[in-house]
file entry.txt (compact mmCIF, C-alpha atoms)
# COMPACT_ATOMS: atom_id res chain seq x y z
CA MET A 12 3.89 24.19 30.23
CA PRO A 13 3.47 21.90 27.16
CA ALA A 14 3.37 18.16 27.64
CA ALA A 15 6.61 16.32 26.94
CA GLU A 16 7.03 14.46 23.68
CA VAL A 17 6.39 10.74 24.07
CA ILE A 18 8.67 8.43 22.12
CA PRO A 19 7.61 4.76 22.41
CA ALA A 20 10.22 2.00 22.31
CA PRO A 21 10.77 0.56 18.82
CA PRO A 22 9.58 -3.01 18.20
CA SER A 23 12.02 -5.88 17.87
CA PHE A 24 12.69 -7.53 14.50
CA LEU A 25 10.38 -10.45 15.33
CA HIS A 26 7.58 -8.23 16.61
CA ALA A 27 7.72 -5.99 13.51
CA LEU A 28 7.76 -9.09 11.29
CA LEU A 29 4.75 -10.74 12.90
CA ALA A 30 2.73 -7.55 13.43
CA GLY A 31 3.37 -6.48 9.83
CA GLY A 32 2.20 -9.84 8.50
CA VAL A 33 -0.99 -9.65 10.57
CA ALA A 34 -1.67 -6.10 9.39
CA GLY A 35 -1.11 -6.86 5.70
CA PHE A 36 -3.29 -9.96 5.66
CA THR A 37 -6.09 -8.35 7.69
CA VAL A 38 -6.46 -5.21 5.59
CA ASP A 39 -6.20 -6.87 2.18
CA VAL A 40 -8.77 -9.56 2.95
CA ALA A 41 -11.18 -7.26 4.82
CA LEU A 42 -11.31 -4.56 2.14
CA TYR A 43 -10.81 -6.65 -0.96
CA PRO A 44 -14.21 -5.93 -2.60
CA ILE A 45 -13.52 -2.17 -2.61
CA ASP A 46 -10.13 -2.77 -4.21
CA THR A 47 -11.80 -4.89 -6.90
CA LEU A 48 -14.28 -2.11 -7.73
CA LYS A 49 -11.45 0.46 -7.87
CA THR A 50 -9.43 -1.75 -10.25
CA ARG A 51 -12.42 -2.26 -12.54
CA LEU A 52 -13.10 1.47 -12.65
CA GLN A 53 -9.51 1.98 -13.84
CA SER A 54 -9.62 -0.83 -16.42
CA PRO A 55 -9.42 0.25 -20.10
CA GLN A 56 -12.29 -2.17 -20.81
CA GLY A 57 -14.63 -0.04 -18.75
CA PHE A 58 -16.27 -0.90 -15.45
CA ALA A 59 -19.11 -3.09 -16.79
CA LYS A 60 -16.98 -5.18 -19.15
CA ALA A 61 -14.34 -5.65 -16.47
CA GLY A 62 -16.97 -7.34 -14.28
CA GLY A 63 -19.02 -4.54 -12.73
CA THR A 64 -20.15 -5.47 -9.24
CA ARG A 65 -20.03 -9.22 -9.89
CA GLY A 66 -17.43 -11.54 -8.39
CA VAL A 67 -15.78 -8.90 -6.21
CA TYR A 68 -13.66 -11.54 -4.47
CA ALA A 69 -11.99 -12.70 -7.70
CA GLY A 70 -8.24 -12.95 -7.11
CA ILE A 71 -8.40 -12.98 -3.33
CA GLY A 72 -6.33 -16.17 -3.25
CA ALA A 73 -3.35 -14.37 -4.74
CA VAL A 74 -3.69 -11.55 -2.23
CA SER A 75 -3.97 -13.95 0.71
CA VAL A 76 -0.63 -15.49 -0.24
CA GLY A 77 1.27 -12.29 -0.97
CA SER A 78 -0.07 -9.70 1.46
CA ALA A 79 1.42 -10.98 4.72
CA PRO A 80 5.04 -11.41 3.52
CA GLY A 81 4.97 -8.08 1.68
CA ALA A 82 3.73 -6.16 4.72
CA ALA A 83 6.05 -8.06 7.06
CA LEU A 84 9.06 -7.18 4.91
CA PHE A 85 7.92 -3.57 4.79
CA PHE A 86 7.67 -3.11 8.56
CA VAL A 87 10.87 -5.00 9.33
CA THR A 88 12.70 -2.70 6.92
CA TYR A 89 10.90 0.45 8.08
CA GLU A 90 11.33 -0.09 11.81
CA GLY A 91 14.92 -1.21 11.36
CA LEU A 92 15.93 1.75 9.22
CA LYS A 93 14.27 4.54 11.23
CA PRO A 94 16.84 4.75 14.05
CA ALA A 95 19.77 4.10 11.70
CA VAL A 96 18.72 6.84 9.28
CA SER A 97 17.94 9.26 12.12
CA ASN A 98 21.40 8.73 13.61
CA ALA A 99 23.01 9.15 10.19
CA LEU A 100 21.21 12.49 9.86
CA GLY A 101 22.57 13.68 13.18
CA GLY A 102 19.72 12.68 15.49
CA GLY A 103 17.33 15.06 17.23
CA PRO A 104 13.77 16.14 16.35
CA ASP A 105 14.79 17.74 13.05
CA SER A 106 15.98 14.43 11.65
CA GLU A 107 12.82 12.46 12.54
CA THR A 108 10.65 13.49 9.60
CA ARG A 109 13.45 12.95 7.11
CA SER A 110 14.23 9.54 8.60
CA HIS A 111 10.56 8.55 8.35
CA MET A 112 10.46 9.63 4.71
CA ALA A 113 13.65 7.82 3.71
CA SER A 114 12.84 4.66 5.70
CA ALA A 115 9.30 4.44 4.33
CA CYS A 116 10.48 4.83 0.73
CA LEU A 117 13.13 2.12 1.06
CA ALA A 118 10.71 -0.16 2.90
CA GLN A 119 8.09 0.24 0.17
CA ALA A 120 10.66 -0.74 -2.45
CA ALA A 121 11.50 -3.86 -0.44
CA GLY A 122 7.84 -4.79 0.07
CA CYS A 123 7.20 -4.57 -3.68
CA LEU A 124 9.35 -7.67 -4.20
CA PHE A 125 6.39 -9.67 -2.86
CA ARG A 126 3.58 -7.27 -3.69
CA VAL A 127 4.03 -6.78 -7.44
CA PRO A 128 3.61 -10.43 -8.58
CA THR A 129 0.56 -10.63 -6.34
CA GLU A 130 -0.86 -7.42 -7.84
CA VAL A 131 -0.30 -8.62 -11.41
CA VAL A 132 -2.21 -11.85 -10.82
CA LYS A 133 -4.90 -10.12 -8.76
CA SER A 134 -5.51 -7.36 -11.34
CA ARG A 135 -6.04 -9.85 -14.16
CA MET A 136 -8.44 -11.90 -12.10
CA GLN A 137 -10.37 -8.85 -10.87
CA THR A 138 -10.95 -7.55 -14.41
CA ARG A 139 -11.78 -10.96 -15.80
CA ALA A 140 -8.72 -10.94 -18.04
CA SER A 141 -8.53 -14.53 -16.83
CA GLY A 142 -11.15 -16.78 -15.27
CA ASP A 143 -8.65 -19.29 -13.90
CA GLY A 144 -7.41 -19.67 -10.34
CA ALA A 145 -4.53 -17.66 -8.94
CA LEU A 146 -1.88 -20.35 -9.53
CA ALA A 147 -3.05 -20.96 -13.12
CA VAL A 148 -3.00 -17.22 -13.83
CA ALA A 149 0.51 -16.90 -12.37
CA ARG A 150 1.72 -19.75 -14.59
CA ALA A 151 0.08 -18.23 -17.65
CA VAL A 152 1.66 -14.85 -16.94
CA ALA A 153 5.08 -16.44 -16.42
CA ALA A 154 4.69 -18.27 -19.74
CA GLY A 155 4.56 -14.92 -21.58
CA PRO A 156 7.26 -13.52 -23.89
CA GLU A 157 9.43 -12.29 -21.01
CA GLY A 158 9.07 -15.41 -18.86
CA ALA A 159 8.91 -15.01 -15.08
CA ALA A 160 9.77 -11.31 -15.51
CA GLU A 161 6.15 -10.87 -16.69
CA LEU A 162 5.13 -11.26 -13.04
CA TYR A 163 6.97 -8.01 -12.38
CA ARG A 164 5.17 -6.12 -15.15
CA GLY A 165 4.41 -2.70 -13.79
CA LEU A 166 7.18 -2.79 -11.16
CA GLY A 167 8.42 0.63 -12.23
CA ALA A 168 4.89 2.07 -12.20
CA THR A 169 4.23 0.50 -8.80
CA LEU A 170 7.38 2.05 -7.36
CA LEU A 171 6.40 5.33 -9.00
CA ARG A 172 3.14 5.15 -7.03
CA GLU A 173 4.30 3.55 -3.78
CA VAL A 174 7.40 5.65 -3.10
CA PRO A 175 5.65 9.07 -3.33
CA PHE A 176 2.71 7.58 -1.41
CA ALA A 177 5.03 6.49 1.41
CA LEU A 178 6.76 9.87 1.26
CA VAL A 179 3.44 11.51 2.21
CA GLN A 180 1.70 8.88 4.33
CA PHE A 181 4.30 7.76 6.84
CA PRO A 182 5.75 11.10 7.94
CA LEU A 183 2.17 12.36 8.31
CA TYR A 184 1.16 9.23 10.24
CA GLU A 185 4.16 9.51 12.57
CA ARG A 186 3.61 13.25 13.08
CA LEU A 187 -0.08 12.79 13.90
CA LYS A 188 0.79 10.08 16.42
CA MET A 189 3.49 12.22 18.00
CA GLU A 190 1.29 15.32 18.33
CA TRP A 191 -1.64 13.33 19.70
CA GLY A 192 0.67 11.58 22.17
CA ARG A 193 2.12 14.94 23.22
CA VAL A 194 -1.35 16.30 23.97
CA ARG A 195 -2.28 13.16 25.93
CA GLY A 196 1.06 12.95 27.74
CA THR A 197 1.36 9.28 26.86
CA LYS A 198 1.60 7.13 23.73
CA VAL A 199 -1.50 6.89 21.57
CA THR A 200 -3.85 3.94 21.94
CA THR A 201 -4.34 1.36 19.21
CA LEU A 202 -7.55 3.06 18.02
CA GLN A 203 -5.91 6.47 18.00
CA GLY A 204 -2.99 5.10 16.00
CA ALA A 205 -5.49 3.58 13.59
CA ALA A 206 -7.22 6.96 13.19
CA CYS A 207 -3.87 8.63 12.45
CA GLY A 208 -3.16 6.00 9.80
CA SER A 209 -6.58 6.53 8.26
CA MET A 210 -6.17 10.31 8.00
CA ALA A 211 -2.67 10.02 6.54
CA GLY A 212 -3.83 7.39 4.05
CA CYS A 213 -6.75 9.49 2.79
CA VAL A 214 -4.47 12.44 2.06
CA ALA A 215 -1.78 10.36 0.34
CA GLY A 216 -4.24 8.12 -1.51
CA SER A 217 -6.22 10.91 -3.13
CA LEU A 218 -3.08 12.77 -4.19
CA MET A 219 -1.50 9.69 -5.77
CA THR A 220 -4.53 8.37 -7.69
CA PRO A 221 -3.09 9.20 -11.16
CA LEU A 222 -0.04 7.10 -10.38
CA ASP A 223 -2.33 4.27 -9.28
CA VAL A 224 -4.19 4.42 -12.61
CA VAL A 225 -0.89 4.18 -14.49
CA LYS A 226 0.13 1.20 -12.34
CA THR A 227 -3.17 -0.60 -12.97
CA ARG A 228 -2.96 -0.09 -16.75
CA MET A 229 0.65 -1.32 -16.79
CA MET A 230 -0.26 -4.48 -14.91
CA LEU A 231 -3.23 -5.20 -17.17
CA GLY A 232 -0.77 -4.89 -20.05
CA ALA A 233 -2.95 -3.48 -22.85
CA ASP A 234 -5.77 -1.08 -23.63
CA ALA A 235 -9.37 -1.97 -24.50
CA ALA A 236 -8.36 -2.73 -28.12
CA GLY A 237 -5.61 -5.10 -26.98
CA VAL A 238 -2.73 -2.77 -27.89
CA SER A 239 0.10 -3.29 -25.41
CA TYR A 240 1.42 -0.46 -23.29
CA LYS A 241 5.15 0.20 -23.72
CA GLY A 242 5.74 1.85 -20.37
CA ALA A 243 4.38 4.33 -17.85
CA GLY A 244 5.02 7.25 -20.19
CA ASP A 245 3.11 5.51 -22.97
CA VAL A 246 0.15 4.94 -20.63
CA ILE A 247 0.01 8.62 -19.67
CA VAL A 248 0.30 9.87 -23.27
CA ARG A 249 -2.36 7.49 -24.61
CA VAL A 250 -4.78 8.15 -21.74
CA PHE A 251 -4.48 11.90 -22.32
CA ARG A 252 -4.86 11.53 -26.09
CA GLU A 253 -7.55 8.86 -26.29
CA GLU A 254 -9.56 9.16 -23.07
CA GLY A 255 -8.87 12.56 -21.48
CA ALA A 256 -6.96 13.68 -18.41
CA ALA A 257 -9.93 13.07 -16.09
CA VAL A 258 -9.45 9.32 -16.57
CA LEU A 259 -6.28 9.58 -14.49
CA TYR A 260 -8.56 10.16 -11.51
CA SER A 261 -10.73 7.12 -12.27
CA GLY A 262 -11.57 5.35 -9.04
CA VAL A 263 -10.44 8.22 -6.81
CA GLY A 264 -13.58 7.85 -4.66
CA PRO A 265 -13.31 4.10 -3.99
CA ARG A 266 -9.52 4.44 -3.68
CA THR A 267 -9.75 7.17 -1.04
CA VAL A 268 -12.44 5.27 0.87
CA TRP A 269 -10.47 2.04 0.56
CA ILE A 270 -7.22 3.60 1.76
CA GLY A 271 -8.97 5.53 4.53
CA LEU A 272 -10.64 2.39 5.83
CA GLY A 273 -7.55 0.39 4.99
CA GLY A 274 -5.33 2.78 6.91
CA PHE A 275 -7.56 2.37 9.96
CA VAL A 276 -7.55 -1.43 9.74
CA PHE A 277 -3.90 -1.72 8.67
CA PHE A 278 -2.35 0.55 11.28
CA GLY A 279 -4.84 -0.57 13.91
CA ALA A 280 -3.93 -4.21 13.29
CA TYR A 281 -0.23 -3.36 13.27
CA GLU A 282 -0.29 -1.27 16.44
CA GLY A 283 -2.56 -3.78 18.18
CA ALA A 284 -0.47 -6.81 17.22
CA LYS A 285 2.76 -5.00 18.09
CA ASP A 286 1.46 -3.94 21.53
CA THR A 287 0.15 -7.45 22.22
CA LEU A 288 3.48 -9.04 21.28
CA GLN A 289 5.46 -6.54 23.35
CA SER A 290 3.17 -7.06 26.36
CA ALA A 291 3.43 -10.84 26.01
CA SER A 292 7.22 -10.69 25.85
CA THR A 293 7.37 -8.82 29.16
CA ILE A 294 5.18 -11.48 30.80
CA PHE A 295 7.09 -14.48 29.45

call {"tool": "encode", "arguments": {"input": "entry.txt", "output": "structure tokens"}}
result
Amino acid sequence: MPAAEVIPAPPSFLHALLAGGVAGFTVDVALYPIDTLKTRLQSPQGFAKAGGTRGVYAGIGAVSVGSAPGAALFFVTYEGLKPAVSNALGGGPDSETRSHMASACLAQAAGCLFRVPTEVVKSRMQTRASGDGALAVARAVAAGPEGAAELYRGLGATLLREVPFALVQFPLYERLKMEWGRVRGTKVTTLQGAACGSMAGCVAGSLMTPLDVVKTRMMLGADAAGVSYKGAGDVIVRVFREEGAAVLYSGVGPRTVWIGLGGFVFFGAYEGAKDTLQSASTIF
């Protein structure tokens, strides 16, 4: 007789908020050098001119400020929407995957409100488009032709990458956890949840690399000759015409490694922090 499906209790608003913040800060700071190398590989300047292997922590200040609130907002939205969307779809096992997909997509859109300005500043510092500190770079970006809206340059391209990524990663992550828990007859451990997140991230990250390249180019704002990009479509057309389709997979190796490791750290930190907070709340 097969083991019964194990459905753990959802976290509270506060627990999702705090655990999400811990997860976002931990993964972005721990794996920042790999992200820098990936961004430089995707830069239109070329890897060496964008900084090569030097100064791989450039821009980490911006990430330190923006990662925790972005991840916290994501998980609060995701965990809050899952039961509501599942009920709206009629409940039952058949609605779970669809609720995970819809909740993850909406949560990613919410998280981008914090993440995109951080990414804009970080990308310019990582590729040496600016040698100033994070605050100075943010001010310089906001002083551009479109004002503060410049900090949201690449928002559309980011959503174009993040929403399909979430559409693949989170249902796969939840399914892996569920199946593993079913085999064990109990909920997965923190390390097992981390492994599920890593596997799901590797699959989604490699598939979505072209969208990540488009996002990076949009945030950098111009090609190697300084000619501005007019939108995601313009980036794709010019990359195909001037550099070749293979460029859309620039950085796929570091990106897959980064997201695989990142998925392990991110989901491990989230599951660990969530379990710790839930255990502490039962004691106190």

call {"tool": "closest_residue", "arguments": {"input": "entry.txt", "among": "A:Met230, A:Val179, A:Ala206, A:Leu259", "to": "Trp191 of chain A", "atoms": "all atoms listed in the file"}}
result
A:Ala206

call {"tool": "closest_residue", "arguments": {"input": "entry.txt", "among": "A:Asp223, A:Ile71, A:Phe277, A:Thr64", "to": "Phe176 of chain A", "atoms": "all atoms listed in the file"}}
result
A:Asp223

call {"tool": "atom_distance", "arguments": {"input": "entry.txt", "atom1": "atom CA of Leu117 of chain A", "atom2": "atom CA of Ala168 of chain A"}}
result
15.6 Å

call {"tool": "atom_distance", "arguments": {"input": "entry.txt", "atom1": "atom CA of Lys49 of chain A", "atom2": "atom CA of Leu171 of chain A"}}
result
18.5 Å

call {"tool": "atom_distance", "arguments": {"input": "entry.txt", "atom1": "atom CA of Tyr89 of chain A", "atom2": "atom CA of Leu178 of chain A"}}
result
12.3 Å

call {"tool": "residues_around", "arguments": {"input": "entry.txt", "residues": "Gly66 of chain A", "least_positions_apart": "5", "cutoff": "9 Å", "atoms": "all atoms listed in the file", "output": "PDB file with C-alpha atoms, in the frame of the given file"}}
result
ATOM      1  CA  PRO A  44     -14.210  -5.930  -2.600  1.00  0.00           C
ATOM      2  CA  THR A  47     -11.800  -4.890  -6.900  1.00  0.00           C
ATOM      3  CA  GLN A 137     -10.370  -8.850 -10.870  1.00  0.00           C
TER       4      GLN A 137
END

call {"tool": "residues_around", "arguments": {"input": "entry.txt", "residues": "Trp269 of chain A", "least_positions_apart": "3", "cutoff": "8 Å", "atoms": "only C-alpha atoms", "output": "ChimeraX atom specification"}}
result
/A:42,45-46,265-266,272-273

call {"tool": "closest_residue", "arguments": {"input": "entry.txt", "among": "A:Ala61, A:Pro175, A:Arg135, A:Gly158", "to": "Ala115 of chain A", "atoms": "all atoms listed in the file"}}
result
A:Pro175

call {"tool": "closest_residue", "arguments": {"input": "entry.txt", "among": "A:Pro156, A:Gly279, A:Pro182, A:Pro128", "to": "Ala205 of chain A", "atoms": "all atoms listed in the file"}}
result
A:Gly279

call {"tool": "closest_residue", "arguments": {"input": "entry.txt", "among": "A:Gly63, A:Pro22, A:Gly57, A:Gly212", "to": "Leu187 of chain A", "atoms": "all atoms listed in the file"}}
result
A:Gly212

call {"tool": "closest_residue", "arguments": {"input": "entry.txt", "among": "A:Thr169, A:Ser54, A:Ser78, A:Thr227", "to": "Ala41 of chain A", "atoms": "only C-alpha atoms"}}
result
A:Ser78

call {"tool": "residues_around", "arguments": {"input": "entry.txt", "residues": "Ala95 of chain A", "least_positions_apart": "6", "cutoff": "10 Å", "atoms": "only C-alpha atoms", "output": "MDAnalysis selection string"}}
result
chainID A and resid 102 110 114

call {"tool": "residues_near_point", "arguments": {"input": "entry.txt", "point": "(7.9, -10.4, 21.8)", "cutoff": "10 Å", "atoms": "all atoms listed in the file", "output": "list of chain:residue names"}}
result
A:Pro22, A:Ser23, A:Phe24, A:Leu25, A:His26, A:Ala27, A:Leu29, A:Lys285, A:Asp286, A:Thr287, A:Leu288, A:Gln289, A:Ser290, A:Ala291, A:Ser292, A:Thr293, A:Ile294, A:Phe295

call {"tool": "residues_around", "arguments": {"input": "entry.txt", "residues": "Tyr260 of chain A", "least_positions_apart": "5", "cutoff": "9 Å", "atoms": "all atoms listed in the file", "output": "PyMOL selection string"}}
result
chain A and resi 53+217+220-221+223-224

call {"tool": "residues_around", "arguments": {"input": "entry.txt", "residues": "Leu146 of chain A", "least_positions_apart": "2", "cutoff": "9 Å", "atoms": "only C-alpha atoms", "output": "PyMOL selection string"}}
result
chain A and resi 72-73+132+143-144+148-151

call {"tool": "axis_aligned_box", "arguments": {"input": "entry.txt", "around": "segment 202-207 of chain A", "padding_each_side": "3 Å", "output": "JSON"}}
result
{"center_x": -5.3, "center_y": 5.8, "center_z": 15.2, "size_x": 10.6, "size_y": 11.6, "size_z": 11.6}

call {"tool": "decode", "arguments": {"input": "entry.txt", "residues": "segment 271-283 of chain A", "atoms": "all heavy atoms", "output": "PDB file, in the first residue's frame"}}
result
ATOM      1  N   GLY A 271      21.759  26.299  -9.358  1.00  0.00           N
ATOM      2  CA  GLY A 271      21.742  25.019  -8.667  1.00  0.00           C
ATOM      3  C   GLY A 271      22.221  25.154  -7.232  1.00  0.00           C
ATOM      4  O   GLY A 271      21.561  24.702  -6.285  1.00  0.00           O
ATOM      5  N   LEU A 272      23.375  25.805  -7.063  1.00  0.00           N
ATOM      6  CA  LEU A 272      23.875  26.060  -5.710  1.00  0.00           C
ATOM      7  C   LEU A 272      22.944  27.007  -4.970  1.00  0.00           C
ATOM      8  O   LEU A 272      22.643  26.825  -3.786  1.00  0.00           O
ATOM      9  CB  LEU A 272      25.283  26.663  -5.777  1.00  0.00           C
ATOM     10  CG  LEU A 272      26.405  25.751  -6.270  1.00  0.00           C
ATOM     11  CD1 LEU A 272      27.689  26.543  -6.434  1.00  0.00           C
ATOM     12  CD2 LEU A 272      26.614  24.596  -5.308  1.00  0.00           C
ATOM     13  N   GLY A 273      22.492  28.028  -5.714  1.00  0.00           N
ATOM     14  CA  GLY A 273      21.600  29.014  -5.110  1.00  0.00           C
ATOM     15  C   GLY A 273      20.300  28.399  -4.642  1.00  0.00           C
ATOM     16  O   GLY A 273      19.782  28.741  -3.583  1.00  0.00           O
ATOM     17  N   GLY A 274      19.757  27.471  -5.463  1.00  0.00           N
ATOM     18  CA  GLY A 274      18.528  26.800  -5.071  1.00  0.00           C
ATOM     19  C   GLY A 274      18.711  26.009  -3.788  1.00  0.00           C
ATOM     20  O   GLY A 274      17.838  26.000  -2.915  1.00  0.00           O
ATOM     21  N   PHE A 275      19.876  25.372  -3.661  1.00  0.00           N
ATOM     22  CA  PHE A 275      20.163  24.603  -2.444  1.00  0.00           C
ATOM     23  C   PHE A 275      20.244  25.528  -1.234  1.00  0.00           C
ATOM     24  O   PHE A 275      19.633  25.268  -0.192  1.00  0.00           O
ATOM     25  CB  PHE A 275      21.465  23.823  -2.608  1.00  0.00           C
ATOM     26  CG  PHE A 275      21.723  22.834  -1.510  1.00  0.00           C
ATOM     27  CD1 PHE A 275      21.246  21.529  -1.619  1.00  0.00           C
ATOM     28  CD2 PHE A 275      22.415  23.184  -0.373  1.00  0.00           C
ATOM     29  CE1 PHE A 275      21.461  20.599  -0.596  1.00  0.00           C
ATOM     30  CE2 PHE A 275      22.634  22.279   0.652  1.00  0.00           C
ATOM     31  CZ  PHE A 275      22.155  20.978   0.539  1.00  0.00           C
ATOM     32  N   VAL A 276      20.990  26.616  -1.373  1.00  0.00           N
ATOM     33  CA  VAL A 276      21.151  27.561  -0.261  1.00  0.00           C
ATOM     34  C   VAL A 276      19.835  28.286   0.032  1.00  0.00           C
ATOM     35  O   VAL A 276      19.412  28.407   1.185  1.00  0.00           O
ATOM     36  CB  VAL A 276      22.264  28.576  -0.577  1.00  0.00           C
ATOM     37  CG1 VAL A 276      22.349  29.638   0.522  1.00  0.00           C
ATOM     38  CG2 VAL A 276      23.604  27.878  -0.739  1.00  0.00           C
ATOM     39  N   PHE A 277      19.177  28.756  -1.037  1.00  0.00           N
ATOM     40  CA  PHE A 277      17.961  29.555  -0.895  1.00  0.00           C
ATOM     41  C   PHE A 277      16.834  28.763  -0.237  1.00  0.00           C
ATOM     42  O   PHE A 277      16.266  29.179   0.785  1.00  0.00           O
ATOM     43  CB  PHE A 277      17.528  30.034  -2.284  1.00  0.00           C
ATOM     44  CG  PHE A 277      16.312  30.922  -2.298  1.00  0.00           C
ATOM     45  CD1 PHE A 277      16.367  32.195  -1.767  1.00  0.00           C
ATOM     46  CD2 PHE A 277      15.133  30.488  -2.884  1.00  0.00           C
ATOM     47  CE1 PHE A 277      15.249  33.026  -1.802  1.00  0.00           C
ATOM     48  CE2 PHE A 277      14.015  31.315  -2.919  1.00  0.00           C
ATOM     49  CZ  PHE A 277      14.078  32.587  -2.374  1.00  0.00           C
ATOM     50  N   PHE A 278      16.522  27.597  -0.804  1.00  0.00           N
ATOM     51  CA  PHE A 278      15.428  26.806  -0.246  1.00  0.00           C
ATOM     52  C   PHE A 278      15.828  26.154   1.078  1.00  0.00           C
ATOM     53  O   PHE A 278      14.976  25.963   1.953  1.00  0.00           O
ATOM     54  CB  PHE A 278      14.962  25.754  -1.247  1.00  0.00           C
ATOM     55  CG  PHE A 278      14.185  26.343  -2.383  1.00  0.00           C
ATOM     56  CD1 PHE A 278      14.761  26.484  -3.635  1.00  0.00           C
ATOM     57  CD2 PHE A 278      12.890  26.782  -2.209  1.00  0.00           C
ATOM     58  CE1 PHE A 278      14.050  27.043  -4.691  1.00  0.00           C
ATOM     59  CE2 PHE A 278      12.162  27.341  -3.252  1.00  0.00           C
ATOM     60  CZ  PHE A 278      12.747  27.470  -4.504  1.00  0.00           C
ATOM     61  N   GLY A 279      17.107  25.837   1.221  1.00  0.00           N
ATOM     62  CA  GLY A 279      17.574  25.306   2.500  1.00  0.00           C
ATOM     63  C   GLY A 279      17.444  26.343   3.600  1.00  0.00           C
ATOM     64  O   GLY A 279      16.976  26.046   4.711  1.00  0.00           O
ATOM     65  N   ALA A 280      17.848  27.587   3.287  1.00  0.00           N
ATOM     66  CA  ALA A 280      17.730  28.665   4.274  1.00  0.00           C
ATOM     67  C   ALA A 280      16.265  28.950   4.588  1.00  0.00           C
ATOM     68  O   ALA A 280      15.889  29.169   5.747  1.00  0.00           O
ATOM     69  CB  ALA A 280      18.420  29.929   3.751  1.00  0.00           C
ATOM     70  N   TYR A 281      15.432  28.925   3.544  1.00  0.00           N
ATOM     71  CA  TYR A 281      14.010  29.211   3.759  1.00  0.00           C
ATOM     72  C   TYR A 281      13.353  28.121   4.605  1.00  0.00           C
ATOM     73  O   TYR A 281      12.669  28.413   5.593  1.00  0.00           O
ATOM     74  CB  TYR A 281      13.285  29.331   2.420  1.00  0.00           C
ATOM     75  CG  TYR A 281      11.791  29.565   2.580  1.00  0.00           C
ATOM     76  CD1 TYR A 281      11.310  30.776   3.080  1.00  0.00           C
ATOM     77  CD2 TYR A 281      10.868  28.572   2.255  1.00  0.00           C
ATOM     78  CE1 TYR A 281       9.958  30.987   3.255  1.00  0.00           C
ATOM     79  CE2 TYR A 281       9.507  28.782   2.433  1.00  0.00           C
ATOM     80  CZ  TYR A 281       9.061  29.991   2.928  1.00  0.00           C
ATOM     81  OH  TYR A 281       7.720  30.200   3.105  1.00  0.00           O
ATOM     82  N   GLU A 282      13.553  26.872   4.215  1.00  0.00           N
ATOM     83  CA  GLU A 282      12.947  25.764   4.950  1.00  0.00           C
ATOM     84  C   GLU A 282      13.487  25.697   6.379  1.00  0.00           C
ATOM     85  O   GLU A 282      12.732  25.459   7.335  1.00  0.00           O
ATOM     86  CB  GLU A 282      13.210  24.436   4.234  1.00  0.00           C
ATOM     87  CG  GLU A 282      12.585  24.304   2.850  1.00  0.00           C
ATOM     88  CD  GLU A 282      11.070  24.126   2.888  1.00  0.00           C
ATOM     89  OE1 GLU A 282      10.518  23.911   3.987  1.00  0.00           O
ATOM     90  OE2 GLU A 282      10.445  24.215   1.819  1.00  0.00           O
ATOM     91  N   GLY A 283      14.797  25.928   6.527  1.00  0.00           N
ATOM     92  CA  GLY A 283      15.400  25.888   7.857  1.00  0.00           C
ATOM     93  C   GLY A 283      14.889  26.999   8.755  1.00  0.00           C
ATOM     94  O   GLY A 283      14.530  26.768   9.922  1.00  0.00           O
TER      95      GLY A 283
END
